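Q: Here's a structure for you.
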Amino acid sequence: MRQEATRRGVLAAAVSLPLLAAGCKGVGALGNPPPPLPDVAVVRDAIAGETLMISRYNAVLAAVPALAGSLHPLLLQHREHLARLRARLVDARASSPPGHQVTASPAVAHVPGTPAAARAYLRHAEQAAAAALLGKLTATPPSLAQLLASIAASEATHALLLGPGRQTV
Amino acid sequence: MSASATPAVRALQAALDAEHAAVYGYGAVGAHLTGARQKAAVRYWVAHQMARDTLAAMITALGAQPVAAAAAYQLPFPVHDEQAAVMLAALLEDRVAAAYLGLVALSDARLRMFGARALQSAALRAASWRGQSLAFPGLEVPAPGPVPAGSGPASPTAGGGSPTPTGPAGG
């Protein structure tokens, strides 16, 4: 069962790379699943990053409800990022039934309680997330690299919009 | 295979084509803006000129002939006022972002990173015009639409810089 789940994950991730050897010979290798591809790990990392970011937004919104208007559009885009990443990894552990968008929601210990500090906290998190994605670009298949670069650019614009000169995002 | 047929050259030429269009388009944008917005338009116009020159040098270094700018470009909609000018600026940046995303699909790691950084710069400029972000800059180019009143690059730091003028061509 565990092997089957892993295999499905690998095959799903290989869909974006039709010519990849592991994907092509999958049918003939049922009893001997190939080891997870490096890009499966990259997608899982990116999913974990987006899930953490969503948790941070939720924690900030709980602590500073006045920011809801400005943060909600950004939170929605993180959910879009997460959905697009999950679509690349149809895996029993990564996917979730409708209505359970965030499965393993990481705990966010403490978030600032004032609007300005909360925005700065999220801005720094966005900048770090964008930089982390850029760091994974070079060893991934082309279409995954494009998705990661696009998400990184989106997160960089979030950081811009969370800047101190942009109180009305 | 001739140099003009390599994936790298094709992607660089597409980016150069988008930069030519942006340089032209920002001329129309700047003519309808005033104050901080006009200053931003001039700053971004210069950034696109630098990016254009960088791309041309990179293409030349790969042994190909850089595509030339057209004498004129058809604007996607009439630009007669400030709102249309800001809308056009955002659209130009969206298209530049999409062109640079083509570089991210290349196997050359330096070109990938160059494309990703230039994509980010274009996305930042687009967001500064729009006052809003996109979920997937470069992957999805939204239809031109009205931008919120009062948006636009008001702060001198908005836009986050330009595509780096020192590309892999020199290295």
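Residues are referred to by chain and number: the chain letter is A, B, ... according to the order shown in the structure tokens, the number counts from 1 in that chain, and ligands are numbered separately from 1 in the order shown.
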Which residues of chain B come within 7 Å of chain A, and for each one, what is the closest pair of atoms and their distance in Å to one decimal, counting only C-alpha atoms, sorted by chain and residue number, as JSON lines?

A:
```
{"residue": "B:Leu101", "atom": "CA", "partner": "A:Gln146", "partner_atom": "CA", "distance": 6.3}
{"residue": "B:Val104", "atom": "CA", "partner": "A:Gln146", "partner_atom": "CA", "distance": 5.7}
{"residue": "B:Ala105", "atom": "CA", "partner": "A:Pro142", "partner_atom": "CA", "distance": 4.2}
{"residue": "B:Leu106", "atom": "CA", "partner": "A:Pro142", "partner_atom": "CA", "distance": 6.7}
{"residue": "B:Ala109", "atom": "CA", "partner": "A:Thr138", "partner_atom": "CA", "distance": 5.4}
{"residue": "B:Arg112", "atom": "CA", "partner": "A:Thr138", "partner_atom": "CA", "distance": 6.9}
{"residue": "B:Ala116", "atom": "CA", "partner": "A:Ala149", "partner_atom": "CA", "distance": 5.6}
{"residue": "B:Leu119", "atom": "CA", "partner": "A:Ala153", "partner_atom": "CA", "distance": 6.8}
{"residue": "B:Gln120", "atom": "CA", "partner": "A:Ala153", "partner_atom": "CA", "distance": 4.5}
{"residue": "B:Ala123", "atom": "CA", "partner": "A:Ala153", "partner_atom": "CA", "distance": 6.2}
{"residue": "B:Leu124", "atom": "CA", "partner": "A:Thr157", "partner_atom": "CA", "distance": 5.3}
{"residue": "B:Ala127", "atom": "CA", "partner": "A:Thr157", "partner_atom": "CA", "distance": 6.3}
{"residue": "B:Gly131", "atom": "CA", "partner": "A:Val169", "partner_atom": "CA", "distance": 6.8}
{"residue": "B:Ser133", "atom": "CA", "partner": "A:Thr157", "partner_atom": "CA", "distance": 5.9}
{"residue": "B:Leu134", "atom": "CA", "partner": "A:Ser154", "partner_atom": "CA", "distance": 6.0}
{"residue": "B:Ala135", "atom": "CA", "partner": "A:Gln77", "partner_atom": "CA", "distance": 5.0}
{"residue": "B:Phe136", "atom": "CA", "partner": "A:Ser150", "partner_atom": "CA", "distance": 5.2}
{"residue": "B:Pro137", "atom": "CA", "partner": "A:Ser150", "partner_atom": "CA", "distance": 5.4}
{"residue": "B:Gly138", "atom": "CA", "partner": "A:Ser150", "partner_atom": "CA", "distance": 6.3}
{"residue": "B:Leu139", "atom": "CA", "partner": "A:Ser150", "partner_atom": "CA", "distance": 6.7}
{"residue": "B:Ser155", "atom": "CA", "partner": "A:Gly165", "partner_atom": "CA", "distance": 6.7}
```

Q: Could you list, as a ChimeraX atom specification, every residue within 9 Å of segment 70-78 of chain B, counting only C-alpha atoms and ignoring same-chain residues fewer than 5 positions away?

A: /B:20-21,24-25,28,84,88,144

Q: Could you dump the residues just selected with C-alpha atoms as a PDB file, in the first residue's frame?

A:
```
ATOM      1  CA  HIS B  20      11.330  46.244 -27.677  1.00  0.00           C
ATOM      2  CA  ALA B  21       7.558  46.438 -27.322  1.00  0.00           C
ATOM      3  CA  TYR B  24       7.925  51.547 -27.312  1.00  0.00           C
ATOM      4  CA  GLY B  25       4.876  51.180 -25.088  1.00  0.00           C
ATOM      5  CA  ALA B  28       2.934  56.120 -24.812  1.00  0.00           C
ATOM      6  CA  ALA B  84      -5.412  53.640 -19.886  1.00  0.00           C
ATOM      7  CA  LEU B  88      -1.008  49.559 -20.655  1.00  0.00           C
ATOM      8  CA  PRO B 144      -6.262  44.251 -19.565  1.00  0.00           C
TER       9      PRO B 144
END
```

Q: Would you please give, as a PDB file with C-alpha atoms, in the first residue's frame, all residues of segment 18-74 of chain B that DSSP assigns to helix (DSSP H, G or I) based on the backbone?

A:
```pdb
ATOM      1  CA  ALA B  18       8.918  41.850 -25.569  1.00  0.00           C
ATOM      2  CA  GLU B  19      11.468  44.393 -24.334  1.00  0.00           C
ATOM      3  CA  HIS B  20      11.330  46.244 -27.677  1.00  0.00           C
ATOM      4  CA  ALA B  21       7.558  46.438 -27.322  1.00  0.00           C
ATOM      5  CA  ALA B  22       7.863  47.608 -23.701  1.00  0.00           C
ATOM      6  CA  VAL B  23      10.330  50.355 -24.623  1.00  0.00           C
ATOM      7  CA  TYR B  24       7.925  51.547 -27.312  1.00  0.00           C
ATOM      8  CA  GLY B  25       4.876  51.180 -25.088  1.00  0.00           C
ATOM      9  CA  TYR B  26       6.331  53.074 -22.167  1.00  0.00           C
ATOM     10  CA  GLY B  27       6.719  56.050 -24.491  1.00  0.00           C
ATOM     11  CA  ALA B  28       2.934  56.120 -24.812  1.00  0.00           C
ATOM     12  CA  VAL B  29       2.506  55.441 -21.089  1.00  0.00           C
ATOM     13  CA  GLY B  30       4.741  58.277 -19.936  1.00  0.00           C
ATOM     14  CA  GLY B  35       4.127  63.397 -10.983  1.00  0.00           C
ATOM     15  CA  ALA B  36       5.316  60.240  -9.241  1.00  0.00           C
ATOM     16  CA  ARG B  37       3.692  58.002 -11.811  1.00  0.00           C
ATOM     17  CA  GLN B  38       5.506  59.717 -14.661  1.00  0.00           C
ATOM     18  CA  LYS B  39       8.787  59.435 -12.797  1.00  0.00           C
ATOM     19  CA  ALA B  40       8.161  55.736 -12.321  1.00  0.00           C
ATOM     20  CA  ALA B  41       7.340  55.352 -16.000  1.00  0.00           C
ATOM     21  CA  VAL B  42      10.619  57.007 -16.959  1.00  0.00           C
ATOM     22  CA  ARG B  43      12.529  54.815 -14.499  1.00  0.00           C
ATOM     23  CA  TYR B  44      10.940  51.659 -15.850  1.00  0.00           C
ATOM     24  CA  TRP B  45      11.431  52.822 -19.445  1.00  0.00           C
ATOM     25  CA  VAL B  46      15.149  53.118 -18.778  1.00  0.00           C
ATOM     26  CA  ALA B  47      15.121  49.690 -17.102  1.00  0.00           C
ATOM     27  CA  HIS B  48      13.582  48.158 -20.215  1.00  0.00           C
ATOM     28  CA  GLN B  49      16.156  49.840 -22.440  1.00  0.00           C
ATOM     29  CA  MET B  50      18.931  48.369 -20.316  1.00  0.00           C
ATOM     30  CA  ALA B  51      17.303  44.942 -20.396  1.00  0.00           C
ATOM     31  CA  ARG B  52      16.941  45.214 -24.165  1.00  0.00           C
ATOM     32  CA  ASP B  53      20.630  45.995 -24.571  1.00  0.00           C
ATOM     33  CA  THR B  54      21.600  43.156 -22.240  1.00  0.00           C
ATOM     34  CA  LEU B  55      19.509  40.658 -24.194  1.00  0.00           C
ATOM     35  CA  ALA B  56      20.911  41.875 -27.518  1.00  0.00           C
ATOM     36  CA  ALA B  57      24.451  41.386 -26.187  1.00  0.00           C
ATOM     37  CA  MET B  58      23.600  37.902 -24.931  1.00  0.00           C
ATOM     38  CA  ILE B  59      22.151  36.934 -28.316  1.00  0.00           C
ATOM     39  CA  THR B  60      25.161  38.310 -30.137  1.00  0.00           C
ATOM     40  CA  ALA B  61      27.462  36.377 -27.810  1.00  0.00           C
TER      41      ALA B  61
END
```

Q: What's the 8 Å shell around Val64 of chain A, counting only C-alpha atoms, without same-chain residues fewer than 5 positions away, as a ChimeraX atom specification?

A: /A:113-115,118

Q: Excluding His110 of chain A and residues on its chain fewer than 5 positions from it, collect all residues at most 10 Å away from it, counting only C-alpha atoms, and give them as a VMD selection string.

A: chain A and resid 56 59 to 60 63

Q: Would you work out the distance separating atom CA of Leu75 of chain A from atom CA of Asp45 of chain A, expressed in Å to one decimal?

A: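 So the answer is 18.8 Å.
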